[in-house]
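See structure below.
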Amino acid sequence: MSEQGGRSVLVTGANRGIGRAIAERFVAAGDKVATIYRSGELPEGVLGVVGDVRDTASIDAAFTEVEAQHGPVEVVVANAGVTRDQLLMRMSDEDFDTVLDTNLAGAFRVARRASKGMIRLRRGRVVLISSVVAMYGGPGQVNYSASKAGLIGMARSITRELGGRGITANVVAPGFIDTAMTQALPEKQQQAYLAAIPAGRFGAVDDVAAAVHFLASDAAAYISGAVIPVDGGLGMGH
Ligand code: NDP
């Protein structure tokens with residue numbers, strides 16, 4: 001990797017939640033940070049290009065713009081994600097397709113586009129934001145957990161394809177992190193999660209950002225195809 005600080009970093013969905021904290025952490029470290037985002041306000045110092053991870057053309061156009069301003073992307077974080085929770089029996093094709101298209105195919109589109117520049121640079125870091133439910137499962141989350149489990153196979157295949165070119169691909173699997181996504185869960189479900197978390201608290205967005213920042217660092221050069229849980233122990237053994 002190059003000297004840390006000053007790298008071209010792209011995080012999808014940096015307008016809020018975990019993506020915002022990740023972007024802020026790279027900005028604080030002196031990197032050139034960009035995001036592909038749909039709406040909202042961005043943190044100070046982040047270059048925003050409007051796009052939708054469900055749309056290949058908008059991803060390609062956004063990367064072209066980011067590359068023009070910051071140079072080829074060396075660190076890409078596929079963070080954008082959605083839930084459409086519903087019991088299996090009642091889950092519509094649309095609920096399933098939207099979640100897979102955003103969380104799994106969206107990460108694929110972003111990683112594919114980023115890989116072009118990384119291969120030329122002969123270095124790069126791909127970080128995919130999965131979830132504890134990829135391994136643990138979650139009632140009402142057949143679509144979401146399938147999409148997040150798919151990211152593990154994706155990172156490992158990228159590792160096998162591009163590991164020899166100085167590129168790593170890893171997965172971060174957050175547990176219950178206090179954001180809009182989890183605040184939308186029923187109180188009863190939130191309390192059940194809390195009781196199951198050995199750390200005795202929900203995670204903060206910075207807990208996840210710290211792990212992502214480490215995986216993008218020189219210190220993590222020999223870590224690839226790994227799944228790093230950031231879940232206070234919730235998913236141990238899974
Ligand atoms: P939020 O719901 O707070 O934020 C989701 C982000 O993804 C928003 O910036 C949203 O943009 C963006 N996004 C969604 N769909 C698209 C799209 N089609 N194109 C571009 N951007 C999109 O969620 P969190 O911050 O909590 O989650 C971030 C990631 O972490 C997700 O992948 C989530 O699955 C994962 N995660 C979260 C956990 C938690 O406990 N919170 C636990 C495990 C994993 P917009 O504001 O425009 O909607």
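Please note that chains go A, B, ... in the order of the structure tokens, that every chain numbers its residues from 1, and that ligands are numbered from 1 in the order shown.
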
Task: Non-local contacts of Ala28 in chain A (12 Å; only C-alpha atoms; under 2 positions in same chain excluded) as a ChimeraX atom specification - done: /A:4-6,21-26,30-33,43-46,209-210,213

Name the residues of range 88-156 of chain A that fall into alpha helix (DSSP H) according to DSSP on the backbone, using the chain letters and numbers of this document, as a PDB file with N, CA, C and O atoms, in the first residue's frame.
ATOM      1  N   ASP A  93     -41.786 -11.173  -3.712  1.00  0.00           N
ATOM      2  CA  ASP A  93     -40.628 -11.206  -4.616  1.00  0.00           C
ATOM      3  C   ASP A  93     -39.918  -9.859  -4.581  1.00  0.00           C
ATOM      4  O   ASP A  93     -38.696  -9.788  -4.625  1.00  0.00           O
ATOM      5  N   GLU A  94     -40.705  -8.805  -4.496  1.00  0.00           N
ATOM      6  CA  GLU A  94     -40.112  -7.467  -4.510  1.00  0.00           C
ATOM      7  C   GLU A  94     -39.257  -7.227  -3.256  1.00  0.00           C
ATOM      8  O   GLU A  94     -38.174  -6.651  -3.341  1.00  0.00           O
ATOM      9  N   ASP A  95     -39.772  -7.661  -2.084  1.00  0.00           N
ATOM     10  CA  ASP A  95     -38.979  -7.534  -0.845  1.00  0.00           C
ATOM     11  C   ASP A  95     -37.652  -8.278  -0.989  1.00  0.00           C
ATOM     12  O   ASP A  95     -36.606  -7.814  -0.541  1.00  0.00           O
ATOM     13  N   PHE A  96     -37.725  -9.442  -1.581  1.00  0.00           N
ATOM     14  CA  PHE A  96     -36.518 -10.257  -1.735  1.00  0.00           C
ATOM     15  C   PHE A  96     -35.560  -9.612  -2.742  1.00  0.00           C
ATOM     16  O   PHE A  96     -34.379  -9.399  -2.457  1.00  0.00           O
ATOM     17  N   ASP A  97     -36.102  -9.255  -3.893  1.00  0.00           N
ATOM     18  CA  ASP A  97     -35.254  -8.731  -4.979  1.00  0.00           C
ATOM     19  C   ASP A  97     -34.601  -7.402  -4.606  1.00  0.00           C
ATOM     20  O   ASP A  97     -33.429  -7.178  -4.909  1.00  0.00           O
ATOM     21  N   THR A  98     -35.359  -6.522  -3.944  1.00  0.00           N
ATOM     22  CA  THR A  98     -34.811  -5.206  -3.588  1.00  0.00           C
ATOM     23  C   THR A  98     -33.614  -5.357  -2.659  1.00  0.00           C
ATOM     24  O   THR A  98     -32.586  -4.698  -2.835  1.00  0.00           O
ATOM     25  N   VAL A  99     -33.748  -6.236  -1.684  1.00  0.00           N
ATOM     26  CA  VAL A  99     -32.666  -6.409  -0.706  1.00  0.00           C
ATOM     27  C   VAL A  99     -31.447  -7.068  -1.355  1.00  0.00           C
ATOM     28  O   VAL A  99     -30.308  -6.630  -1.146  1.00  0.00           O
ATOM     29  N   GLY A 106     -25.386  -4.749  -5.373  1.00  0.00           N
ATOM     30  CA  GLY A 106     -24.817  -3.402  -5.223  1.00  0.00           C
ATOM     31  C   GLY A 106     -23.339  -3.482  -4.859  1.00  0.00           C
ATOM     32  O   GLY A 106     -22.499  -2.777  -5.440  1.00  0.00           O
ATOM     33  N   ALA A 107     -23.003  -4.349  -3.925  1.00  0.00           N
ATOM     34  CA  ALA A 107     -21.592  -4.524  -3.535  1.00  0.00           C
ATOM     35  C   ALA A 107     -20.778  -5.067  -4.706  1.00  0.00           C
ATOM     36  O   ALA A 107     -19.635  -4.657  -4.930  1.00  0.00           O
ATOM     37  N   PHE A 108     -21.382  -5.979  -5.462  1.00  0.00           N
ATOM     38  CA  PHE A 108     -20.708  -6.526  -6.654  1.00  0.00           C
ATOM     39  C   PHE A 108     -20.391  -5.419  -7.664  1.00  0.00           C
ATOM     40  O   PHE A 108     -19.266  -5.312  -8.161  1.00  0.00           O
ATOM     41  N   ARG A 109     -21.390  -4.565  -7.934  1.00  0.00           N
ATOM     42  CA  ARG A 109     -21.176  -3.488  -8.928  1.00  0.00           C
ATOM     43  C   ARG A 109     -20.043  -2.571  -8.503  1.00  0.00           C
ATOM     44  O   ARG A 109     -19.215  -2.151  -9.309  1.00  0.00           O
ATOM     45  N   VAL A 110     -20.034  -2.259  -7.209  1.00  0.00           N
ATOM     46  CA  VAL A 110     -19.040  -1.325  -6.669  1.00  0.00           C
ATOM     47  C   VAL A 110     -17.640  -1.980  -6.672  1.00  0.00           C
ATOM     48  O   VAL A 110     -16.660  -1.374  -7.099  1.00  0.00           O
ATOM     49  N   ALA A 111     -17.567  -3.223  -6.225  1.00  0.00           N
ATOM     50  CA  ALA A 111     -16.266  -3.914  -6.189  1.00  0.00           C
ATOM     51  C   ALA A 111     -15.734  -4.131  -7.606  1.00  0.00           C
ATOM     52  O   ALA A 111     -14.536  -3.975  -7.859  1.00  0.00           O
ATOM     53  N   ARG A 112     -16.627  -4.485  -8.516  1.00  0.00           N
ATOM     54  CA  ARG A 112     -16.197  -4.715  -9.912  1.00  0.00           C
ATOM     55  C   ARG A 112     -15.582  -3.462 -10.501  1.00  0.00           C
ATOM     56  O   ARG A 112     -14.509  -3.496 -11.091  1.00  0.00           O
ATOM     57  N   ARG A 113     -16.260  -2.336 -10.302  1.00  0.00           N
ATOM     58  CA  ARG A 113     -15.751  -1.080 -10.878  1.00  0.00           C
ATOM     59  C   ARG A 113     -14.450  -0.667 -10.201  1.00  0.00           C
ATOM     60  O   ARG A 113     -13.507  -0.198 -10.862  1.00  0.00           O
ATOM     61  N   ALA A 114     -14.374  -0.855  -8.884  1.00  0.00           N
ATOM     62  CA  ALA A 114     -13.162  -0.469  -8.147  1.00  0.00           C
ATOM     63  C   ALA A 114     -11.973  -1.338  -8.562  1.00  0.00           C
ATOM     64  O   ALA A 114     -10.829  -0.865  -8.586  1.00  0.00           O
ATOM     65  N   SER A 115     -12.242  -2.596  -8.905  1.00  0.00           N
ATOM     66  CA  SER A 115     -11.139  -3.527  -9.185  1.00  0.00           C
ATOM     67  C   SER A 115     -10.313  -3.082 -10.386  1.00  0.00           C
ATOM     68  O   SER A 115      -9.115  -3.344 -10.450  1.00  0.00           O
ATOM     69  N   LYS A 116     -10.958  -2.391 -11.331  1.00  0.00           N
ATOM     70  CA  LYS A 116     -10.220  -1.955 -12.541  1.00  0.00           C
ATOM     71  C   LYS A 116      -9.019  -1.114 -12.166  1.00  0.00           C
ATOM     72  O   LYS A 116      -7.903  -1.362 -12.611  1.00  0.00           O
ATOM     73  N   GLY A 117      -9.262  -0.092 -11.345  1.00  0.00           N
ATOM     74  CA  GLY A 117      -8.179   0.801 -10.933  1.00  0.00           C
ATOM     75  C   GLY A 117      -7.192   0.100 -10.019  1.00  0.00           C
ATOM     76  O   GLY A 117      -5.976   0.329 -10.099  1.00  0.00           O
ATOM     77  N   MET A 118      -7.707  -0.771  -9.158  1.00  0.00           N
ATOM     78  CA  MET A 118      -6.825  -1.467  -8.199  1.00  0.00           C
ATOM     79  C   MET A 118      -5.870  -2.401  -8.924  1.00  0.00           C
ATOM     80  O   MET A 118      -4.703  -2.527  -8.560  1.00  0.00           O
ATOM     81  N   ILE A 119      -6.353  -3.065  -9.943  1.00  0.00           N
ATOM     82  CA  ILE A 119      -5.496  -3.984 -10.709  1.00  0.00           C
ATOM     83  C   ILE A 119      -4.370  -3.195 -11.366  1.00  0.00           C
ATOM     84  O   ILE A 119      -3.206  -3.604 -11.341  1.00  0.00           O
ATOM     85  N   ARG A 120      -4.716  -2.029 -11.909  1.00  0.00           N
ATOM     86  CA  ARG A 120      -3.691  -1.176 -12.538  1.00  0.00           C
ATOM     87  C   ARG A 120      -2.683  -0.680 -11.499  1.00  0.00           C
ATOM     88  O   ARG A 120      -1.493  -0.653 -11.745  1.00  0.00           O
ATOM     89  N   LEU A 121      -3.193  -0.321 -10.325  1.00  0.00           N
ATOM     90  CA  LEU A 121      -2.313   0.177  -9.250  1.00  0.00           C
ATOM     91  C   LEU A 121      -1.474  -0.935  -8.618  1.00  0.00           C
ATOM     92  O   LEU A 121      -0.464  -0.669  -7.984  1.00  0.00           O
ATOM     93  N   VAL A 133     -26.133 -11.549  11.090  1.00  0.00           N
ATOM     94  CA  VAL A 133     -27.199 -12.466  10.671  1.00  0.00           C
ATOM     95  C   VAL A 133     -26.843 -13.269   9.421  1.00  0.00           C
ATOM     96  O   VAL A 133     -27.532 -14.224   9.081  1.00  0.00           O
ATOM     97  N   ALA A 134     -25.721 -12.895   8.760  1.00  0.00           N
ATOM     98  CA  ALA A 134     -25.241 -13.716   7.635  1.00  0.00           C
ATOM     99  C   ALA A 134     -24.980 -15.138   8.113  1.00  0.00           C
ATOM    100  O   ALA A 134     -25.240 -16.105   7.395  1.00  0.00           O
ATOM    101  N   MET A 135     -24.440 -15.259   9.321  1.00  0.00           N
ATOM    102  CA  MET A 135     -24.096 -16.567   9.873  1.00  0.00           C
ATOM    103  C   MET A 135     -25.122 -17.049  10.898  1.00  0.00           C
ATOM    104  O   MET A 135     -25.345 -18.231  11.078  1.00  0.00           O
ATOM    105  N   TYR A 136     -25.720 -16.123  11.606  1.00  0.00           N
ATOM    106  CA  TYR A 136     -26.568 -16.383  12.763  1.00  0.00           C
ATOM    107  C   TYR A 136     -28.026 -16.611  12.354  1.00  0.00           C
ATOM    108  O   TYR A 136     -28.785 -17.284  13.027  1.00  0.00           O
ATOM    109  N   VAL A 142     -34.950 -13.518   5.858  1.00  0.00           N
ATOM    110  CA  VAL A 142     -34.481 -14.465   4.846  1.00  0.00           C
ATOM    111  C   VAL A 142     -33.775 -13.722   3.712  1.00  0.00           C
ATOM    112  O   VAL A 142     -32.700 -14.134   3.245  1.00  0.00           O
ATOM    113  N   ASN A 143     -34.355 -12.611   3.285  1.00  0.00           N
ATOM    114  CA  ASN A 143     -33.751 -11.832   2.196  1.00  0.00           C
ATOM    115  C   ASN A 143     -32.444 -11.183   2.649  1.00  0.00           C
ATOM    116  O   ASN A 143     -31.401 -11.303   2.000  1.00  0.00           O
ATOM    117  N   TYR A 144     -32.494 -10.524   3.790  1.00  0.00           N
ATOM    118  CA  TYR A 144     -31.340  -9.766   4.299  1.00  0.00           C
ATOM    119  C   TYR A 144     -30.173 -10.694   4.638  1.00  0.00           C
ATOM    120  O   TYR A 144     -29.026 -10.451   4.234  1.00  0.00           O
ATOM    121  N   SER A 145     -30.444 -11.773   5.364  1.00  0.00           N
ATOM    122  CA  SER A 145     -29.336 -12.652   5.771  1.00  0.00           C
ATOM    123  C   SER A 145     -28.741 -13.358   4.554  1.00  0.00           C
ATOM    124  O   SER A 145     -27.525 -13.559   4.485  1.00  0.00           O
ATOM    125  N   ALA A 146     -29.570 -13.696   3.563  1.00  0.00           N
ATOM    126  CA  ALA A 146     -29.032 -14.307   2.335  1.00  0.00           C
ATOM    127  C   ALA A 146     -28.123 -13.315   1.612  1.00  0.00           C
ATOM    128  O   ALA A 146     -27.039 -13.674   1.132  1.00  0.00           O
ATOM    129  N   SER A 147     -28.554 -12.052   1.564  1.00  0.00           N
ATOM    130  CA  SER A 147     -27.727 -11.045   0.873  1.00  0.00           C
ATOM    131  C   SER A 147     -26.403 -10.850   1.601  1.00  0.00           C
ATOM    132  O   SER A 147     -25.348 -10.718   0.972  1.00  0.00           O
ATOM    133  N   LYS A 148     -26.429 -10.866   2.915  1.00  0.00           N
ATOM    134  CA  LYS A 148     -25.215 -10.611   3.692  1.00  0.00           C
ATOM    135  C   LYS A 148     -24.290 -11.834   3.697  1.00  0.00           C
ATOM    136  O   LYS A 148     -23.069 -11.687   3.765  1.00  0.00           O
ATOM    137  N   ALA A 149     -24.868 -13.031   3.645  1.00  0.00           N
ATOM    138  CA  ALA A 149     -24.045 -14.249   3.555  1.00  0.00           C
ATOM    139  C   ALA A 149     -23.342 -14.298   2.201  1.00  0.00           C
ATOM    140  O   ALA A 149     -22.190 -14.741   2.093  1.00  0.00           O
ATOM    141  N   GLY A 150     -24.023 -13.821   1.173  1.00  0.00           N
ATOM    142  CA  GLY A 150     -23.427 -13.804  -0.167  1.00  0.00           C
ATOM    143  C   GLY A 150     -22.152 -12.985  -0.228  1.00  0.00           C
ATOM    144  O   GLY A 150     -21.234 -13.288  -0.996  1.00  0.00           O
ATOM    145  N   LEU A 151     -22.074 -11.955   0.596  1.00  0.00           N
ATOM    146  CA  LEU A 151     -20.893 -11.091   0.594  1.00  0.00           C
ATOM    147  C   LEU A 151     -19.638 -11.857   1.030  1.00  0.00           C
ATOM    148  O   LEU A 151     -18.520 -11.506   0.641  1.00  0.00           O
ATOM    149  N   ILE A 152     -19.821 -12.883   1.844  1.00  0.00           N
ATOM    150  CA  ILE A 152     -18.657 -13.652   2.319  1.00  0.00           C
ATOM    151  C   ILE A 152     -18.052 -14.432   1.145  1.00  0.00           C
ATOM    152  O   ILE A 152     -16.840 -14.397   0.914  1.00  0.00           O
ATOM    153  N   GLY A 153     -18.902 -15.081   0.383  1.00  0.00           N
ATOM    154  CA  GLY A 153     -18.412 -15.790  -0.809  1.00  0.00           C
ATOM    155  C   GLY A 153     -17.782 -14.819  -1.795  1.00  0.00           C
ATOM    156  O   GLY A 153     -16.764 -15.132  -2.444  1.00  0.00           O
ATOM    157  N   MET A 154     -18.374 -13.631  -1.885  1.00  0.00           N
ATOM    158  CA  MET A 154     -17.850 -12.622  -2.810  1.00  0.00           C
ATOM    159  C   MET A 154     -16.430 -12.205  -2.398  1.00  0.00           C
ATOM    160  O   MET A 154     -15.510 -12.184  -3.230  1.00  0.00           O
ATOM    161  N   ALA A 155     -16.248 -11.876  -1.133  1.00  0.00           N
ATOM    162  CA  ALA A 155     -14.927 -11.422  -0.668  1.00  0.00           C
ATOM    163  C   ALA A 155     -13.893 -12.532  -0.844  1.00  0.00           C
ATOM    164  O   ALA A 155     -12.737 -12.268  -1.217  1.00  0.00           O
ATOM    165  N   ARG A 156     -14.300 -13.758  -0.601  1.00  0.00           N
ATOM    166  CA  ARG A 156     -13.332 -14.862  -0.708  1.00  0.00           C
ATOM    167  C   ARG A 156     -12.976 -15.140  -2.165  1.00  0.00           C
ATOM    168  O   ARG A 156     -11.826 -15.476  -2.473  1.00  0.00           O
TER     169      ARG A 156
END

Counting only C-alpha atoms, the residue among A:Asp85, A:Glu74, A:Glu161, A:Asp207 that lies closest to Val127 in chain A is A:Glu74

Ligand 1: which residues are within 8 Å, counting only C-alpha atoms and all ligand atoms? Reply as an MDAnalysis selection string.
chainID A and resid 12:20 36:40 51:55 78:83 102:103 106 129:133 144 148 173:182 203 205

Export of prior selection with C-alpha atoms as a compact mmCIF listing (two decimals), in the first residue's frame:
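Wrote selection36.txt, looks like this:
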# COMPACT_ATOMS: atom_id res chain seq x y z
CA THR A 12 -21.12 3.97 -0.35
CA GLY A 13 -23.92 5.55 1.67
CA ALA A 14 -21.85 7.98 3.76
CA ASN A 15 -24.77 10.32 4.43
CA ARG A 16 -25.81 8.54 7.63
CA GLY A 17 -25.29 5.68 10.04
CA ILE A 18 -22.29 3.38 9.78
CA GLY A 19 -21.19 4.67 6.37
CA ARG A 20 -21.01 8.19 7.71
CA ILE A 36 -21.83 7.46 -3.76
CA TYR A 37 -25.05 8.46 -2.02
CA ARG A 38 -28.73 8.93 -2.75
CA SER A 39 -29.85 11.65 -0.39
CA GLY A 40 -29.14 13.69 2.73
CA GLY A 51 -25.81 7.54 -7.43
CA ASP A 52 -27.70 4.37 -6.67
CA VAL A 53 -25.93 1.06 -6.08
CA ARG A 54 -28.75 -0.72 -7.92
CA ASP A 55 -27.76 1.03 -11.14
CA ALA A 78 -19.49 -1.36 0.17
CA ASN A 79 -21.71 -0.14 2.99
CA ALA A 80 -25.05 0.82 1.42
CA GLY A 81 -27.74 -1.57 2.53
CA VAL A 82 -31.45 -1.96 3.22
CA THR A 83 -33.80 -4.24 5.10
CA THR A 102 -29.04 -3.42 -3.10
CA ASN A 103 -26.97 -5.38 -0.59
CA GLY A 106 -24.82 -3.40 -5.22
CA ILE A 129 -20.22 -4.59 5.22
CA SER A 130 -22.14 -7.76 6.02
CA SER A 131 -23.96 -8.59 9.26
CA VAL A 132 -23.97 -11.05 12.13
CA VAL A 133 -27.20 -12.47 10.67
CA TYR A 144 -31.34 -9.77 4.30
CA LYS A 148 -25.22 -10.61 3.69
CA ALA A 173 -19.96 -8.37 10.20
CA PRO A 174 -21.52 -5.90 12.62
CA GLY A 175 -23.94 -7.09 15.26
CA PHE A 176 -26.56 -4.76 16.66
CA ILE A 177 -25.33 -1.22 15.97
CA ASP A 178 -27.34 1.75 17.15
CA THR A 179 -28.53 3.39 13.88
CA ALA A 180 -31.81 4.18 12.10
CA MET A 181 -31.83 0.60 10.77
CA THR A 182 -31.98 -0.96 14.25
CA GLY A 203 -22.54 -1.24 19.25
CA VAL A 205 -21.04 3.26 14.59
